[in-house]
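Peer 1: Dropping in protein_28.csv, with CSV, C-alpha atoms.
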chain,number,residue,atom,x,y,z
O,4,MET,CA,8.0,10.1,24.5
O,5,ASP,CA,9.0,9.8,20.8
O,6,ILE,CA,6.3,11.6,18.8
O,7,ASP,CA,6.9,9.3,15.8
O,8,THR,CA,5.3,6.3,17.5
O,9,ILE,CA,1.6,5.4,17.7
O,10,THR,CA,0.2,4.8,21.1
O,11,PRO,CA,-1.7,1.6,21.9
O,12,GLU,CA,-4.8,3.7,22.4
O,13,ASP,CA,-4.5,5.2,18.9
O,14,PHE,CA,-3.9,1.8,17.5
O,15,LEU,CA,-7.0,0.4,19.2
O,16,ALA,CA,-9.2,3.3,18.1
O,17,SER,CA,-8.0,2.9,14.5
O,18,ALA,CA,-8.5,-0.8,14.7
O,19,LYS,CA,-12.1,-0.4,15.9
O,20,HIS,CA,-12.8,2.0,13.1
O,21,PHE,CA,-11.2,-0.4,10.6
O,22,ILE,CA,-13.5,-3.2,11.9
O,23,GLU,CA,-16.5,-0.9,11.5
O,24,ILE,CA,-15.7,-0.5,7.8
O,25,SER,CA,-15.0,-4.2,7.5
O,26,ASP,CA,-18.3,-5.1,9.0
O,27,LYS,CA,-20.1,-2.8,6.7
O,28,ILE,CA,-18.6,-4.4,3.6
O,29,HIS,CA,-18.4,-7.9,5.1
O,30,ASP,CA,-14.7,-8.1,4.7
O,31,GLY,CA,-14.2,-10.6,7.5
O,32,TRP,CA,-11.8,-8.8,9.8
O,33,ARG,CA,-12.4,-9.3,13.5
O,34,ILE,CA,-11.1,-7.6,16.6
O,35,TYR,CA,-9.8,-9.4,19.6
O,36,GLU,CA,-9.6,-6.8,22.4
O,37,HIS,CA,-7.5,-7.4,25.5
O,38,LYS,CA,-9.2,-5.5,28.3
O,39,ASN,CA,-6.4,-5.4,30.8
O,40,GLU,CA,-3.4,-5.0,28.5
O,41,ILE,CA,-4.7,-3.1,25.5
O,42,HIS,CA,-1.4,-3.5,23.6
O,43,LYS,CA,-2.3,-7.1,23.3
O,44,SER,CA,-5.4,-6.3,21.2
O,45,TYR,CA,-5.2,-7.4,17.6
O,46,ILE,CA,-7.3,-7.7,14.5
O,47,LYS,CA,-7.4,-10.9,12.4
O,48,LYS,CA,-8.8,-12.0,9.1
O,49,GLU,CA,-8.9,-15.5,7.8
O,50,ALA,CA,-9.4,-16.0,4.1
O,51,PHE,CA,-9.0,-18.5,1.3
O,52,ILE,CA,-7.2,-17.5,-1.8
O,53,THR,CA,-6.4,-19.3,-5.0
O,54,PHE,CA,-3.1,-18.9,-6.7
O,55,LYS,CA,-1.8,-20.4,-9.9
O,56,SER,CA,1.6,-22.0,-9.5
O,57,GLN,CA,3.1,-24.1,-12.3
O,58,ASN,CA,-0.1,-24.1,-14.2
O,59,GLU,CA,-1.9,-25.6,-11.3
O,60,LEU,CA,-4.6,-23.7,-9.4
O,61,CYS,CA,-4.1,-24.1,-5.7
O,62,LEU,CA,-6.2,-23.1,-2.8
O,63,TYR,CA,-4.6,-21.6,0.2
O,64,LYS,CA,-5.8,-20.5,3.6
O,65,ILE,CA,-4.3,-17.3,4.8
O,66,GLU,CA,-4.5,-15.8,8.3
O,67,TYR,CA,-3.6,-12.1,8.6
O,68,VAL,CA,-3.0,-10.6,12.0
O,69,ILE,CA,-2.3,-7.0,12.7
O,70,PHE,CA,-1.1,-6.4,16.3
O,71,TYR,CA,0.6,-3.7,18.2
O,72,ASN,CA,4.4,-3.8,18.5
O,73,LEU,CA,5.2,-2.6,21.9
O,74,SER,CA,8.9,-2.2,21.3
O,75,TYR,CA,8.6,-0.1,18.2
O,76,GLY,CA,5.4,1.6,19.0
O,77,VAL,CA,3.8,0.8,15.7
O,78,PRO,CA,1.3,-1.6,14.2
O,79,SER,CA,2.9,-4.8,13.0
O,80,PHE,CA,1.8,-7.3,10.4
O,81,SER,CA,2.0,-11.0,10.7
O,82,PHE,CA,0.5,-13.8,8.6
O,83,ASN,CA,0.6,-17.5,8.0
O,84,VAL,CA,-0.4,-19.5,4.8
O,85,TRP,CA,-1.4,-23.1,4.6
O,86,ASN,CA,-2.0,-25.2,1.5
O,87,SER,CA,-5.0,-27.4,1.1
O,88,PRO,CA,-3.4,-30.5,2.8
O,89,GLY,CA,-2.8,-28.2,5.8
O,90,THR,CA,1.0,-27.7,5.5
O,91,LEU,CA,2.5,-24.3,6.4
O,92,LEU,CA,4.0,-22.6,3.4
O,93,LYS,CA,7.7,-21.8,3.3
O,94,LEU,CA,8.9,-18.3,2.9
O,95,GLU,CA,10.2,-19.0,-0.6
O,96,GLU,CA,6.8,-20.2,-1.7
O,97,ILE,CA,5.3,-17.0,-0.3
O,98,ARG,CA,7.8,-14.9,-2.2
O,99,GLN,CA,6.6,-16.4,-5.4
O,100,MET,CA,3.1,-15.4,-4.7
O,101,CYS,CA,4.2,-11.8,-4.3
O,102,PHE,CA,2.6,-9.0,-6.3
O,103,ILE,CA,5.9,-7.6,-7.5
O,104,GLN,CA,9.1,-9.1,-8.6
O,105,ILE,CA,11.3,-9.1,-5.6
O,106,THR,CA,14.7,-10.6,-4.9
O,107,LYS,CA,15.3,-13.2,-2.3
O,108,GLU,CA,17.7,-11.0,-0.4
O,109,GLU,CA,15.2,-8.1,-0.3
O,110,PHE,CA,12.2,-10.3,0.6
O,111,TYR,CA,14.0,-12.1,3.3
O,112,SER,CA,15.2,-8.9,4.8
O,113,VAL,CA,11.5,-7.8,5.2
O,114,ILE,CA,9.7,-10.9,6.4
O,115,THR,CA,11.0,-13.4,8.9
O,116,GLN,CA,9.4,-16.4,10.5
O,117,GLN,CA,9.5,-15.9,14.2
O,118,GLU,CA,7.7,-16.5,17.4
O,119,HIS,CA,4.5,-14.4,17.5
O,120,PRO,CA,4.6,-12.0,20.5
O,121,ILE,CA,0.9,-12.6,21.2
O,122,PHE,CA,0.3,-16.2,20.1
O,123,HIS,CA,3.8,-17.6,20.9
O,124,ARG,CA,3.6,-19.7,17.7
O,125,PRO,CA,5.6,-19.3,14.5
O,126,TYR,CA,4.3,-16.6,12.2
O,127,PHE,CA,5.8,-14.7,9.3
O,128,ILE,CA,6.3,-11.2,10.7
O,129,MET,CA,7.1,-8.1,8.8
O,130,HIS,CA,10.0,-6.1,10.2
O,131,PRO,CA,8.8,-3.0,12.0
O,132,CYS,CA,11.9,-0.9,11.9
O,133,HIS,CA,10.9,1.3,9.0
O,134,THR,CA,7.2,1.5,9.8
O,135,ALA,CA,7.4,4.4,12.1
O,136,GLN,CA,9.3,6.5,9.5
O,137,LEU,CA,6.5,6.0,7.0
O,138,LEU,CA,3.6,6.5,9.5
O,139,LYS,CA,5.0,9.7,10.8
O,140,GLU,CA,4.4,11.3,7.4
O,141,PHE,CA,0.8,10.6,7.7
O,142,LYS,CA,0.3,10.6,11.4
O,143,ASN,CA,-1.9,13.6,11.8
O,144,LYS,CA,-3.4,13.5,8.3
O,145,SER,CA,-4.5,10.0,7.9
O,146,ARG,CA,-8.0,9.1,8.7
O,147,ASN,CA,-7.1,5.7,9.9
O,148,ILE,CA,-3.5,4.8,10.8
O,149,VAL,CA,-4.2,1.0,10.4
O,150,VAL,CA,-5.4,1.5,6.8
O,151,THR,CA,-2.3,3.7,6.1
O,152,PHE,CA,-0.1,1.1,7.6
O,153,LEU,CA,-1.6,-1.6,5.5
O,154,GLY,CA,-0.5,0.4,2.4
O,155,LEU,CA,3.0,-0.8,3.3
O,156,ILE,CA,2.0,-4.4,2.8
O,157,SER,CA,-0.3,-4.3,-0.2
O,158,PRO,CA,2.5,-4.3,-2.8
O,159,LEU,CA,4.0,-7.4,-1.1
O,160,LEU,CA,1.1,-9.6,-0.4
O,161,ARG,CA,-2.3,-10.2,-1.9
O,162,LEU,CA,-4.3,-8.5,0.7
O,163,ASN,CA,-7.1,-7.4,-1.6
O,164,LEU,CA,-8.0,-4.4,0.6
O,165,SER,CA,-11.2,-2.9,-0.6
O,166,LEU,CA,-11.4,0.7,-1.8
O,167,GLU,CA,-14.0,1.4,0.9
O,168,TYR,CA,-11.3,1.6,3.5
O,169,GLY,CA,-9.9,4.8,1.9
O,170,LEU,CA,-13.2,6.7,1.8
J,21,MET,CA,-5.3,18.3,-18.9
J,22,ALA,CA,-6.1,20.5,-21.9
J,23,ASP,CA,-2.9,20.3,-23.8
J,24,GLU,CA,-3.6,20.0,-27.5
J,25,LYS,CA,-0.3,21.5,-28.8
J,26,GLN,CA,2.1,19.3,-27.0
J,27,THR,CA,1.0,16.0,-25.6
J,28,ASP,CA,2.4,15.3,-22.3
J,29,GLU,CA,0.2,12.3,-21.8
J,30,LEU,CA,1.9,9.4,-20.5
J,31,SER,CA,2.4,6.3,-22.6
J,32,GLN,CA,4.8,3.5,-22.4
J,33,ALA,CA,6.8,4.7,-25.4
J,34,GLU,CA,7.0,8.3,-24.1
J,35,LEU,CA,8.0,7.2,-20.6
J,36,SER,CA,11.7,7.5,-21.3
J,37,CYS,CA,11.6,10.8,-23.0
J,38,ALA,CA,8.9,12.2,-20.7
J,39,THR,CA,11.4,14.2,-18.7
J,40,GLU,CA,12.4,16.1,-21.8
J,41,ASN,CA,8.8,17.3,-22.4
J,42,LEU,CA,8.6,19.2,-19.2
J,43,LYS,CA,10.0,22.7,-20.0
J,44,SER,CA,7.0,25.0,-20.3
J,45,GLU,CA,4.5,23.1,-18.1
J,46,GLU,CA,3.9,25.8,-15.6
J,47,GLN,CA,1.3,27.8,-17.7
J,48,LYS,CA,-0.4,24.6,-18.9
J,49,GLU,CA,-1.3,23.6,-15.3
J,50,ASN,CA,-3.6,26.6,-15.2
J,51,LEU,CA,-5.6,25.4,-18.2
J,52,GLU,CA,-9.0,23.8,-17.8
J,53,SER,CA,-9.3,20.1,-17.9
J,54,ALA,CA,-10.2,18.5,-21.2
J,55,LYS,CA,-13.7,17.2,-20.5
J,56,SER,CA,-13.9,15.7,-24.0
J,57,ASP,CA,-10.9,13.5,-23.4
J,58,LYS,CA,-12.8,10.7,-21.6
J,59,ASN,CA,-10.0,8.2,-21.6
J,60,LYS,CA,-7.7,10.4,-19.6
J,61,VAL,CA,-7.8,11.1,-16.0
J,62,ASP,CA,-6.1,14.1,-14.3
J,63,ILE,CA,-3.9,13.2,-11.4
J,64,LEU,CA,-2.2,15.5,-9.1
J,65,LEU,CA,1.0,14.2,-7.4
J,66,LYS,CA,1.9,15.6,-4.1
J,67,ALA,CA,5.1,14.8,-2.2
J,68,THR,CA,5.0,13.9,1.5
J,69,GLY,CA,7.8,13.7,3.9
J,70,ASP,CA,11.3,13.7,2.4
J,71,ALA,CA,10.2,12.6,-1.0
J,72,PRO,CA,11.4,15.0,-3.7
J,73,ILE,CA,8.8,17.2,-5.3
J,74,MET,CA,7.9,17.0,-9.0
J,75,LYS,CA,8.2,20.1,-11.0
J,76,LYS,CA,5.2,19.1,-13.0
J,77,LYS,CA,2.5,17.9,-10.6
J,78,LYS,CA,-0.5,17.5,-12.8
J,79,TRP,CA,-0.6,14.7,-15.3
J,80,ALA,CA,-3.2,13.3,-17.7
J,81,VAL,CA,-3.0,9.5,-17.6
J,82,ASP,CA,-4.8,6.7,-19.4
J,83,ALA,CA,-7.7,5.8,-17.2
J,84,GLU,CA,-7.3,2.1,-17.9
J,85,LYS,CA,-3.8,1.9,-16.6
J,86,PRO,CA,-3.1,0.4,-13.2
J,87,ILE,CA,-1.8,2.6,-10.4
J,88,GLY,CA,1.4,0.5,-10.3
J,89,TRP,CA,2.2,1.9,-13.7
J,90,VAL,CA,2.1,5.5,-12.4
J,91,MET,CA,4.3,4.4,-9.5
J,92,GLU,CA,6.9,3.1,-11.9
J,93,PHE,CA,6.7,6.3,-13.8
J,94,VAL,CA,7.2,8.5,-10.7
J,95,LYS,CA,10.1,6.3,-9.6
J,96,LYS,CA,11.8,6.9,-13.0
J,97,TYR,CA,10.9,10.6,-13.0
J,98,LEU,CA,12.4,11.1,-9.5
J,99,LYS,CA,15.3,8.9,-10.4
J,100,LEU,CA,14.9,6.9,-7.3
J,101,GLU,CA,17.5,4.3,-6.5
J,102,PRO,CA,16.3,0.7,-7.2
J,103,GLU,CA,16.3,-0.1,-3.4
J,104,GLU,CA,14.1,2.9,-2.6
J,105,LYS,CA,10.5,2.2,-2.2
J,106,LEU,CA,7.7,4.5,-3.3
J,107,PHE,CA,4.2,4.4,-1.7
J,108,MET,CA,1.2,6.1,-3.2
J,109,TYR,CA,-1.8,7.2,-1.1
J,110,VAL,CA,-5.2,8.5,-1.7
J,111,ASN,CA,-6.8,10.7,0.9
J,112,GLN,CA,-3.5,10.5,2.7
J,113,THR,CA,-4.9,7.3,4.2
J,114,PHE,CA,-5.2,4.5,1.8
J,115,ALA,CA,-2.6,2.9,-0.5
J,116,PRO,CA,-4.3,1.0,-3.3
J,117,SER,CA,-2.8,-2.2,-4.4
J,118,PRO,CA,-0.6,-1.8,-7.6
J,119,ASP,CA,-3.1,-3.5,-9.8
J,120,GLN,CA,-6.0,-1.0,-9.1
J,121,ILE,CA,-7.2,0.6,-12.3
J,122,ILE,CA,-6.9,4.4,-12.2
J,123,ARG,CA,-10.5,4.8,-13.4
J,124,ASN,CA,-11.8,3.0,-10.3
J,125,LEU,CA,-9.7,5.1,-8.0
J,126,TYR,CA,-10.8,8.3,-9.8
J,127,GLU,CA,-14.5,7.3,-9.4
J,128,CYS,CA,-14.0,6.6,-5.7
J,129,PHE,CA,-11.6,9.3,-4.6
J,130,GLY,CA,-11.6,11.9,-7.3
J,131,THR,CA,-12.3,15.5,-6.3
J,132,ASP,CA,-12.8,18.6,-8.5
J,133,GLY,CA,-12.2,16.6,-11.6
J,134,LYS,CA,-8.9,15.2,-10.5
J,135,LEU,CA,-7.4,12.4,-8.5
J,136,VAL,CA,-5.0,13.6,-5.8
J,137,LEU,CA,-2.2,11.1,-5.0
J,138,HIS,CA,0.3,11.7,-2.2
J,139,TYR,CA,3.6,9.8,-2.5
J,140,CYS,CA,6.3,9.2,-0.1
J,141,LYS,CA,9.5,7.2,-0.3
J,142,SER,CA,11.2,4.9,2.1
J,143,GLN,CA,14.6,3.2,2.1
J,144,ALA,CA,13.0,-0.2,2.7
J,145,TRP,CA,9.9,-2.1,3.7
J,146,GLY,CA,9.1,-3.2,7.2
Spit out the file's structure as C-alpha coordinates when you get a sec.
Peer 2:
Amino acid sequence: MDIDTITPEDFLASAKHFIEISDKIHDGWRIYEHKNEIHKSYIKKEAFITFKSQNELCLYKIEYVIFYNLSYGVPSFSFNVWNSPGTLLKLEEIRQMCFIQITKEEFYSVITQQEHPIFHRPYFIMHPCHTAQLLKEFKNKSRNIVVTFLGLISPLLRLNLSLEYGL
Amino acid sequence: MADEKQTDELSQAELSCATENLKSEEQKENLESAKSDKNKVDILLKATGDAPIMKKKKWAVDAEKPIGWVMEFVKKYLKLEPEEKLFMYVNQTFAPSPDQIIRNLYECFGTDGKLVLHYCKSQAWG
(Lines of atoms letter the chains of each structure in order from A and count residues from 1; the text may use other names and numbers.)
(Lines give C-alpha, C1' and ligand atoms only; values in the text may rest on other atoms or scores of the structure.)
Protein backbone atom coordinates (compact mmCIF):
# COMPACT_ATOMS: atom_id res chain seq x y z
CA MET A 1 0.00 0.00 0.00
CA ASP A 2 1.16 3.46 -0.84
CA ILE A 3 2.57 5.04 2.28
CA ASP A 4 1.62 8.55 1.16
CA THR A 5 -2.05 7.96 1.67
CA ILE A 6 -4.09 8.31 4.82
CA THR A 7 -6.12 5.32 5.93
CA PRO A 8 -9.83 5.71 6.66
CA GLU A 9 -9.03 4.80 10.28
CA ASP A 10 -6.49 7.63 10.51
CA PHE A 11 -8.99 9.99 8.97
CA LEU A 12 -11.73 8.99 11.39
CA ALA A 13 -9.43 9.27 14.41
CA SER A 14 -8.27 12.73 13.34
CA ALA A 15 -11.84 13.76 12.58
CA LYS A 16 -12.96 12.72 16.05
CA HIS A 17 -10.15 14.68 17.62
CA PHE A 18 -11.08 17.63 15.45
CA ILE A 19 -14.67 17.41 16.68
CA GLU A 20 -13.45 17.35 20.29
CA ILE A 21 -11.68 20.66 19.79
CA SER A 22 -14.64 22.05 17.90
CA ASP A 23 -17.00 21.09 20.74
CA LYS A 24 -14.70 22.72 23.26
CA ILE A 25 -14.77 26.05 21.45
CA HIS A 26 -18.32 25.68 20.08
CA ASP A 27 -17.24 25.88 16.48
CA GLY A 28 -20.19 23.88 15.19
CA TRP A 29 -18.52 20.99 13.39
CA ARG A 30 -20.36 17.70 13.68
CA ILE A 31 -19.30 14.17 12.88
CA TYR A 32 -21.47 11.72 10.97
CA GLU A 33 -20.00 8.32 11.49
CA HIS A 34 -20.85 5.42 9.23
CA LYS A 35 -20.51 2.30 11.33
CA ASN A 36 -20.31 -0.34 8.60
CA GLU A 37 -18.35 1.56 5.97
CA ILE A 38 -16.10 3.88 7.89
CA HIS A 39 -14.81 5.57 4.74
CA LYS A 40 -18.26 7.07 4.40
CA SER A 41 -17.89 8.97 7.67
CA TYR A 42 -17.66 12.71 7.30
CA ILE A 43 -17.66 15.90 9.28
CA LYS A 44 -19.84 18.86 8.48
CA LYS A 45 -20.30 22.45 9.51
CA GLU A 46 -23.07 24.81 8.59
CA ALA A 47 -22.46 28.48 9.04
CA PHE A 48 -23.72 31.87 8.02
CA ILE A 49 -21.31 34.41 6.66
CA THR A 50 -21.66 37.95 5.49
CA PHE A 51 -19.79 39.18 2.49
CA LYS A 52 -19.72 42.60 0.91
CA SER A 53 -20.26 42.50 -2.82
CA GLN A 54 -20.87 45.66 -4.86
CA ASN A 55 -21.20 47.72 -1.69
CA GLU A 56 -24.01 45.54 -0.51
CA LEU A 57 -23.70 43.35 2.54
CA CYS A 58 -25.11 39.93 1.77
CA LEU A 59 -25.80 36.98 3.99
CA TYR A 60 -24.86 33.51 2.83
CA LYS A 61 -25.31 30.07 4.20
CA ILE A 62 -22.31 27.81 3.80
CA GLU A 63 -22.09 24.10 4.31
CA TYR A 64 -18.62 22.59 4.59
CA VAL A 65 -18.14 18.86 4.37
CA ILE A 66 -14.88 17.02 4.86
CA PHE A 67 -15.09 13.44 3.72
CA TYR A 68 -12.71 10.64 2.95
CA ASN A 69 -11.77 10.19 -0.67
CA LEU A 70 -11.46 6.47 -1.20
CA SER A 71 -9.80 6.68 -4.62
CA TYR A 72 -7.03 9.03 -3.55
CA GLY A 73 -6.76 7.93 0.06
CA VAL A 74 -6.89 11.46 1.40
CA PRO A 75 -9.40 13.72 3.09
CA SER A 76 -11.39 15.80 0.63
CA PHE A 77 -13.14 19.08 0.98
CA SER A 78 -16.54 19.96 -0.42
CA PHE A 79 -18.91 22.83 0.15
CA ASN A 80 -22.02 24.60 -1.02
CA VAL A 81 -23.05 28.20 -0.63
CA TRP A 82 -26.56 29.60 -0.74
CA ASN A 83 -27.64 33.22 -0.79
CA SER A 84 -30.49 34.52 1.35
CA PRO A 85 -33.30 33.72 -1.16
CA GLY A 86 -31.97 30.15 -1.15
CA THR A 87 -30.25 29.96 -4.53
CA LEU A 88 -27.01 28.04 -4.87
CA LEU A 89 -24.09 30.27 -5.72
CA LYS A 90 -22.21 29.84 -8.96
CA LEU A 91 -18.53 29.06 -9.04
CA GLU A 92 -17.72 32.52 -10.35
CA GLU A 93 -19.47 34.16 -7.40
CA ILE A 94 -17.48 31.99 -5.04
CA ARG A 95 -14.23 32.96 -6.74
CA GLN A 96 -15.00 36.60 -6.00
CA MET A 97 -15.36 35.78 -2.31
CA CYS A 98 -11.89 34.27 -2.28
CA PHE A 99 -9.27 35.42 0.17
CA ILE A 100 -6.61 35.85 -2.46
CA GLN A 101 -6.69 37.20 -5.96
CA ILE A 102 -6.93 34.15 -8.14
CA THR A 103 -7.45 33.80 -11.86
CA LYS A 104 -10.43 32.01 -13.30
CA GLU A 105 -8.26 29.35 -14.90
CA GLU A 106 -6.51 28.58 -11.66
CA PHE A 107 -9.60 28.59 -9.51
CA TYR A 108 -11.57 26.47 -11.94
CA SER A 109 -8.77 23.95 -12.05
CA VAL A 110 -8.99 23.49 -8.28
CA ILE A 111 -12.71 23.49 -7.58
CA THR A 112 -15.38 21.78 -9.67
CA GLN A 113 -19.05 21.25 -9.14
CA GLN A 114 -19.74 17.55 -9.24
CA GLU A 115 -21.81 14.82 -7.73
CA HIS A 116 -20.88 14.32 -4.12
CA PRO A 117 -19.64 10.75 -3.53
CA ILE A 118 -21.58 10.49 -0.27
CA PHE A 119 -24.66 12.65 -0.75
CA HIS A 120 -25.09 12.15 -4.52
CA ARG A 121 -26.05 15.78 -4.88
CA PRO A 122 -24.07 18.54 -6.61
CA TYR A 123 -21.32 20.03 -4.45
CA PHE A 124 -18.24 22.07 -5.11
CA ILE A 125 -15.38 19.69 -4.55
CA MET A 126 -11.73 20.52 -4.32
CA HIS A 127 -9.53 18.35 -6.47
CA PRO A 128 -7.69 15.80 -4.39
CA CYS A 129 -4.78 15.07 -6.74
CA HIS A 130 -2.17 17.18 -4.93
CA THR A 131 -3.45 16.63 -1.40
CA ALA A 132 -1.42 13.46 -0.80
CA GLN A 133 1.79 15.22 -1.81
CA LEU A 134 1.31 17.91 0.80
CA LEU A 135 0.06 15.65 3.53
CA LYS A 136 2.97 13.25 3.26
CA GLU A 137 5.32 16.03 4.37
CA PHE A 138 3.42 16.30 7.62
CA LYS A 139 2.10 12.78 7.93
CA ASN A 140 4.04 11.62 10.98
CA LYS A 141 4.61 15.08 12.43
CA SER A 142 1.18 16.58 12.36
CA ARG A 143 -0.92 16.31 15.48
CA ASN A 144 -4.06 16.17 13.44
CA ILE A 145 -4.07 15.42 9.75
CA VAL A 146 -7.53 16.93 9.25
CA VAL A 147 -6.33 20.26 10.61
CA THR A 148 -3.23 20.08 8.43
CA PHE A 149 -5.38 19.28 5.45
CA LEU A 150 -7.59 22.28 6.10
CA GLY A 151 -4.52 24.47 5.78
CA LEU A 152 -4.72 23.80 2.07
CA ILE A 153 -8.10 25.44 1.92
CA SER A 154 -7.79 28.40 4.24
CA PRO A 155 -6.17 30.68 1.63
CA LEU A 156 -8.96 29.91 -0.81
CA LEU A 157 -12.11 30.04 1.25
CA ARG A 158 -13.21 31.96 4.29
CA LEU A 159 -13.16 29.05 6.63
CA ASN A 160 -12.25 31.10 9.74
CA LEU A 161 -10.53 28.21 11.43
CA SER A 162 -9.86 29.06 15.05
CA LEU A 163 -6.30 29.11 16.35
CA GLU A 164 -7.25 26.51 18.99
CA TYR A 165 -7.04 23.79 16.37
CA GLY A 166 -3.31 24.25 16.14
CA LEU A 167 -2.58 24.00 19.84
CA MET B 1 16.76 39.59 16.69
CA ALA B 2 19.39 41.87 18.20
CA ASP B 3 20.82 43.52 15.22
CA GLU B 4 21.48 47.17 15.84
CA LYS B 5 24.21 47.74 13.26
CA GLN B 6 22.48 46.49 10.22
CA THR B 7 18.72 46.26 10.25
CA ASP B 8 17.50 43.19 8.55
CA GLU B 9 13.99 43.79 9.70
CA LEU B 10 11.43 43.34 7.05
CA SER B 11 9.48 46.24 5.76
CA GLN B 12 7.60 46.80 2.57
CA ALA B 13 10.28 49.08 1.14
CA GLU B 14 13.12 46.76 2.02
CA LEU B 15 11.43 43.72 0.67
CA SER B 16 12.96 44.01 -2.76
CA CYS B 17 16.48 44.59 -1.54
CA ALA B 18 16.19 42.17 1.38
CA THR B 19 18.14 39.52 -0.46
CA GLU B 20 21.16 41.80 -0.69
CA ASN B 21 21.32 42.26 3.07
CA LEU B 22 21.97 38.65 3.78
CA LYS B 23 25.73 38.30 3.61
CA SER B 24 26.93 38.03 7.18
CA GLU B 25 23.83 36.71 8.83
CA GLU B 26 25.32 33.53 10.23
CA GLN B 27 26.93 35.08 13.31
CA LYS B 28 23.93 37.29 13.98
CA GLU B 29 21.69 34.30 14.39
CA ASN B 30 23.53 33.44 17.57
CA LEU B 31 22.79 36.76 19.18
CA GLU B 32 20.21 37.13 21.90
CA SER B 33 16.80 38.41 20.98
CA ALA B 34 16.18 42.06 21.50
CA LYS B 35 13.67 42.05 24.32
CA SER B 36 13.38 45.81 24.23
CA ASP B 37 12.09 45.72 20.68
CA LYS B 38 8.48 44.98 21.47
CA ASN B 39 7.07 45.59 18.03
CA LYS B 40 9.12 42.86 16.46
CA VAL B 41 8.63 39.14 16.70
CA ASP B 42 11.33 36.59 15.94
CA ILE B 43 10.24 33.98 13.49
CA LEU B 44 12.15 30.87 12.54
CA LEU B 45 11.45 29.53 9.07
CA LYS B 46 11.97 25.83 8.47
CA ALA B 47 11.64 24.07 5.15
CA THR B 48 9.60 20.89 4.84
CA GLY B 49 9.60 18.40 2.01
CA ASP B 50 11.10 19.63 -1.24
CA ALA B 51 10.83 23.31 -0.38
CA PRO B 52 14.20 25.06 -0.73
CA ILE B 53 15.88 26.02 2.53
CA MET B 54 16.56 29.65 3.37
CA LYS B 55 20.11 30.66 4.13
CA LYS B 56 18.83 33.01 6.79
CA LYS B 57 16.23 31.26 8.86
CA LYS B 58 15.60 33.72 11.64
CA TRP B 59 13.85 37.00 10.96
CA ALA B 60 12.50 39.81 13.04
CA VAL B 61 9.16 40.90 11.66
CA ASP B 62 6.65 43.54 12.55
CA ALA B 63 4.19 41.93 14.97
CA GLU B 64 1.23 43.75 13.46
CA LYS B 65 1.75 42.31 10.00
CA PRO B 66 -0.45 39.46 8.78
CA ILE B 67 1.05 36.05 8.11
CA GLY B 68 0.14 36.39 4.43
CA TRP B 69 2.71 39.13 4.21
CA VAL B 70 5.44 36.79 5.44
CA MET B 71 4.30 34.21 2.92
CA GLU B 72 4.63 36.75 0.13
CA PHE B 73 8.10 37.60 1.36
CA VAL B 74 9.22 33.96 1.46
CA LYS B 75 7.82 33.42 -2.02
CA LYS B 76 9.93 36.29 -3.30
CA TYR B 77 12.97 35.24 -1.32
CA LEU B 78 12.83 31.68 -2.64
CA LYS B 79 12.05 32.98 -6.12
CA LEU B 80 9.08 30.67 -6.48
CA GLU B 81 7.27 30.53 -9.77
CA PRO B 82 3.92 32.34 -9.75
CA GLU B 83 2.04 29.08 -10.09
CA GLU B 84 3.81 27.48 -7.14
CA LYS B 85 1.93 27.62 -3.88
CA LEU B 86 3.47 28.17 -0.49
CA PHE B 87 1.88 26.88 2.71
CA MET B 88 2.93 27.90 6.17
CA TYR B 89 2.29 25.79 9.23
CA VAL B 90 2.62 26.26 12.97
CA ASN B 91 3.33 23.17 15.10
CA GLN B 92 3.56 21.32 11.76
CA THR B 93 -0.18 20.97 12.06
CA PHE B 94 -2.09 24.16 11.60
CA ALA B 95 -1.99 26.58 8.70
CA PRO B 96 -3.32 29.95 9.85
CA SER B 97 -5.38 31.93 7.39
CA PRO B 98 -3.37 34.63 5.59
CA ASP B 99 -5.02 37.48 7.49
CA GLN B 100 -3.88 36.25 10.91
CA ILE B 101 -1.75 38.83 12.69
CA ILE B 102 1.71 37.59 13.63
CA ARG B 103 1.33 38.83 17.21
CA ASN B 104 -1.67 36.55 17.75
CA LEU B 105 0.19 33.58 16.36
CA TYR B 106 3.21 34.34 18.49
CA GLU B 107 1.10 34.56 21.62
CA CYS B 108 -0.59 31.25 20.84
CA PHE B 109 2.23 29.21 19.38
CA GLY B 110 5.48 30.99 20.24
CA THR B 111 8.16 28.97 22.06
CA ASP B 112 11.47 30.14 23.54
CA GLY B 113 10.80 33.68 22.43
CA LYS B 114 10.24 32.84 18.82
CA LEU B 115 7.60 31.61 16.45
CA VAL B 116 8.55 28.54 14.44
CA LEU B 117 6.94 28.34 11.01
CA HIS B 118 7.30 25.35 8.72
CA TYR B 119 6.80 26.04 5.07
CA CYS B 120 6.31 23.76 2.15
CA LYS B 121 5.58 24.34 -1.47
CA SER B 122 3.29 22.62 -3.86
CA GLN B 123 2.76 22.87 -7.60
CA ALA B 124 -0.93 23.43 -7.20
CA TRP B 125 -3.90 23.27 -4.94
CA GLY B 126 -6.24 20.42 -4.61
Peer 1: Please identify all polymer residues within 10 Å of Thr113 in chain J, counting all atoms listed in the file, omitting same-chain residues fewer than 5 positions from it, and present them as a ChimeraX atom specification.
Peer 2: /O:141-142,144-154,168-170 /J:108,138
Peer 1: Using all atoms listed in the file and a distance of at most 10 Å, pull out the residues of chain J that contact chain O, as an NGL selection string.
Peer 2: :J and (68-70 or 88 or 103 or 105-120 or 124-125 or 128-129 or 138 or 140-146)
Peer 1: Between CA of Ser87 in chain O and CA of Ile52 in chain O, measure the distance and give it in Å to one decimal.
Peer 2: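 Distance between the two atoms: 10.5 Å.
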Peer 1: Between CA of Tyr139 in chain J and CA of Tyr45 in chain O, what is the distance, to one decimal in Å?
Peer 2: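 Distance reported for this atom pair: 27.9 Å.
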Peer 1: One decimal, Å: what's the distance from CA of Asn83 in chain O over to CA of Arg33 in chain O, could you say?
Peer 2: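 Those two atoms sit 16.3 Å apart.
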Peer 1: With all atoms listed in the file as the counted atoms, please give the residues lying no more than 12 Å from His37 in chain O, apart from itself and same-chain residues fewer than 6 positions off, as a PyMOL selection string.
Peer 2: chain O and resi 11-12+15+43-46+70-71+121
